[in-house]
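Notes follow the structure.
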Amino acid sequence: MEGNCFNQTVFLFTLLLAIAASSVRGHSTRVGFYSSTCPRAESIIKSTVESHFKLDPTIAPGLLRMHFHDCFVRGCDASILIDGPNAEKTAPASQFLKGYKVIDDAKFQLECECPGVVSCADILALAARDSVVLTKGTSWAVPTGRRDGTVSKASETDGNMPGFQDTVDVLKQKFAAKGLNTRDLVTLVGKHFITIWLDLPNATVDTQFWLLIFNLLLGAHTIGTAACEVFSYRLYNFTSTGADPSINPAFVSHLQALCPQNRDGSRQIALDTGSTDRFDTSFFANLREGKGILESDQRLWADDLTKKFVQRFLEVRGSLGLSFNVEFGKSMVKMSNIEVKTGTMGEIRKVCSKVNEY
């Protein structure tokens with residue numbers, strides 16, 4: 001794709017979710033920001049994501065996770081894309097992010113179509129949405145108009161990202177610090193991100209843990225897998241009497257059969273039992289039944305406040321029920337507006353991996 005500038009067929013699509021104007025009040029981003037300056041921007045990005053997804057479906061969870069990384073460190077300003085010996089992408093938690101090639105391809109085509117107009121930050125936000133749709137999730141309108149940051153520091157990653165074994169209270173605090181509430185926490189953890197597939201045969205246990213931290217947060221757990229070594233500590237000698245008592249006893253036996261003690265820890269197990277490759281609400285039903293693979297996921301059912309939202313997502317009808325797809329779109333819009341740079345702030349990079357030279 002990078003060798004030629006070419007026109008792609010305009011992709012006509014319907015925005016299936018109407019995001020309330022209040023969701024983005026206080027920011028200068030807006031839906032349709034490029035409608036006059038680069039009308040084909042969103043269709044170019046969508047077709048680029050689709051072409052890469054056909055070759056490698058794990059690109060979808062990769063892009064969603066990358067967007068989360070970007071927003072939780074310095075805001076949604078594409079700082080995760082910048083190259084450099086001490087840039088964000090070099091942090092231990094970021095070393096196995098994937099999807100950079102997708103963003104680079106989209107940026108190349110957009111620079112051919114409308115040079116210096118579309119930011120890398122907006123490309124990433126739109127690509128994350130398109131990734132969810134490719135895994136059978138529902139679309140939402142993405143406000144655009146972000147500008148790109150010029151600073152990227154690996155040292156800032158650890159202090160901003162939620163931890164793998166954080167309690168629900170700590171997760172609430174970290175989300176609140178970014179302007180996200182408990183409903184956003186449950187929504188994004190439960191479906192986030194199209195899931196992270198921890199299919200890295202050469203990754204260490206520590207690396208798997210770090211990747212799960214990020215998977216954790218944007219709902220990545222409705223799709224994807226995790227290595228046995230990431231969660232098997234819950235199955236054997238978790239307490240003096242055996243497995244983690246929060247796991248359904250029948251499910252413990254099932255997992256022990258899949259992940260025998262002291263055997264191949266790299267074997268991949270579905271994070272969302274019964275719905276591995278779809279973006280849906282079965283993740284929440286699994287929590288209710290004690291079938292959460294990750295300890296931090298299952299804690300959402302143990303905490304009174306987060307449990308309330310899990311239950312509401314499981315309501316089929318009635319005034320207390322919540323539409324997960326609608327709430328997920330709203331939460332993604334909120335997250336994608338964390339500390340955004342707009343107007344004259346930042347810049348529009350010519351190449352996403354490099355800050356412009358002046």
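Residues are named by chain letter and number: chains run A, B, ... in the order of the structure tokens, numbers start at 1 in each chain, and ligands are numbered from 1 in the order shown.
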- Message: Can you pull out the residues contacting A:Leu300? Cut-off 12 Å, using only C-alpha atoms, and skip same-chain residues under 4 positions away; I want them as a PyMOL selection string.
- Response: chain A and resi 166-169+171-172+182-183+185-190+216+246+283-288+290-292+294-296+304-311
- Using only C-alpha atoms, which residues sit within 8 Å of stretch 337-339 of chain A once same-chain residues fewer than 5 positions away are excluded, as a PyMOL selection string? chain A and resi 24+27+29+71-72+74-76+178-179
- Task: Could you tell me which of A:Gln173, A:Thr241, A:Thr37, A:Ser353 comes closest to A:Lys89 if we count only C-alpha atoms?
- Result: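 For A:Lys89, the nearest of the candidates is A:Ser353.
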- Query: Skipping near chain neighbours, those fewer than 3 positions away, what residues fall within 8 Å of stretch 250-264 of chain A using only C-alpha atoms, listed as number ranges by chain?
  - Reply: A: 228, 232, 235-236, 243, 247, 267, 269, 290-291
With C-alpha atoms retained, export the selected residues as a CSV table (one decimal), in the first residue's frame.
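Below is the file out_11.csv, written as the result:
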```csv
chain,number,residue,atom,x,y,z
A,228,CYS,CA,-2.5,-20.5,30.9
A,232,SER,CA,-3.3,-20.7,36.4
A,235,LEU,CA,-6.4,-22.9,39.8
A,236,TYR,CA,-3.7,-24.4,42.1
A,243,ALA,CA,-8.4,-23.0,43.8
A,247,ILE,CA,-14.4,-19.5,40.5
A,267,ARG,CA,-1.5,-22.6,25.7
A,269,ILE,CA,-7.6,-20.1,26.6
A,290,GLY,CA,-18.2,-17.4,38.4
A,291,LYS,CA,-16.5,-18.0,35.0
```
- Identify which of the residues A:Ile45, A:Leu81, A:Phe175, A:Leu55 lies closest to A:Ala127, counting only C-alpha atoms when measuring atom-to-atom distances.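 Of A:Ile45, A:Leu81, A:Phe175, A:Leu55, the one nearest A:Ala127, counting only C-alpha atoms, is A:Ile45.
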- Just the helix (DSSP H, G or I) stuff from stretch 24-62 of chain A, please, per backbone DSSP, written as a list in words.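 Matching residues for helix (DSSP H, G or I) in stretch 24-62 of chain A are Val24, Ala41, Glu42, Ser43, Ile44, Ile45, Lys46, Ser47, Thr48, Val49, Glu50, Ser51, His52, Phe53, Lys54, Leu55, Ile59, Ala60, Pro61 and Gly62 of chain A.
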- Message: For A:His52, find every residue with an atom within 8 Å (counting only C-alpha atoms), except residues of its own chain fewer than 5 positions away, and show them as JSON, numbers by chain.
- Response: {"A": [57, 59, 102]}
Could you write out the selected residues, including C-alpha atoms, as a PDB file, in the first residue's frame?
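Output file result-v7.pdb follows:
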```pdb
ATOM      1  CA  PRO A  57      -7.452 -10.629  12.472  1.00  0.00           C
ATOM      2  CA  ILE A  59      -4.865  -6.452  14.218  1.00  0.00           C
ATOM      3  CA  VAL A 102      -2.020  -0.093   9.751  1.00  0.00           C
TER       4      VAL A 102
END
```
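Minimum atom-to-atom distance to A:Gly99, evaluated using only C-alpha atoms, belongs to A:Thr58 out of A:Thr144, A:Ser28, A:Thr58, A:Ser336.
Distance-wise, atom CA of A:Pro115 and atom CA of A:Lys54 end up 27.4 Å apart.
Nearest to A:Phe68 of all the residues A:Thr138, A:Asn160, A:Thr48, A:Asn86 is A:Asn160, based on only C-alpha atoms.
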- Query: For A:Gly265, which residue out of A:Met66, A:Ala226, A:Leu97, A:Val340 is the nearest one, using only C-alpha atoms?
  - Reply: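 Among A:Met66, A:Ala226, A:Leu97, A:Val340, it is A:Ala226 that comes nearest to A:Gly265.
The smallest atom-to-atom distance between A:Asp105 and any of A:Thr90, A:Ser51, A:Ser131, A:Ser139, using only C-alpha atoms, is found for A:Ser51.
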